[in-house]
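Visitor: Below you'll find the structure I mean.
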Amino acid sequence: MSDTSTGAERRTHTQLRAIFPAACEALRPFFDATTQWEGQSHEHLAYLTLREHFPELSTQDVFIVVTTTRRLFASGKFPALP
């Protein structure tokens with residue numbers, strides 16, 4: 001059981017959560033099935049692009065965002081473009 005009556009935010013990495021949607025959009029081309037090369041994603045380029053777009057992220061945060069985005073694409077849960 002947890003005490004939710006205080007209304008305090010228990011989740012961590014609030015900065016990472018705030019930029020996650022924009023980061024996923026920046027990484028979309030690297031995990032889109034239509035842009036794969038020989039059936040492989042361009043994951044190595046995703047790391048470089050994320051560092052360029054969000055230089056304030058630590059190496060660990062970049063890894064978290066890239067692997068989470070890859071997992072969302074692989075599971076088909078990544079939202080389609082409008």
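The way I read the labels, and the way they are meant: chains A, B, ... in the order of the structure tokens, residue 1 as the first residue of every chain, and ligand 1 as the first ligand shown, with later ones counted on from there.
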Skipping near chain neighbours, those fewer than 5 positions away, what residues fall within 9 Å of segment 63-69 of chain A using only C-alpha atoms, listed as a ChimeraX atom specification?
Guide: /A:16,20,23-24,27-28,31,43,46-47,50,58,74,78
Visitor: Find the spatial neighbours of Phe30 of chain A, counting only C-alpha atoms, within a cut-off of 9 Å - ignore same-chain residues fewer than 3 positions away - and output them as number ranges by chain.
Guide: A: 26-27, 33, 35-36, 41-46, 70
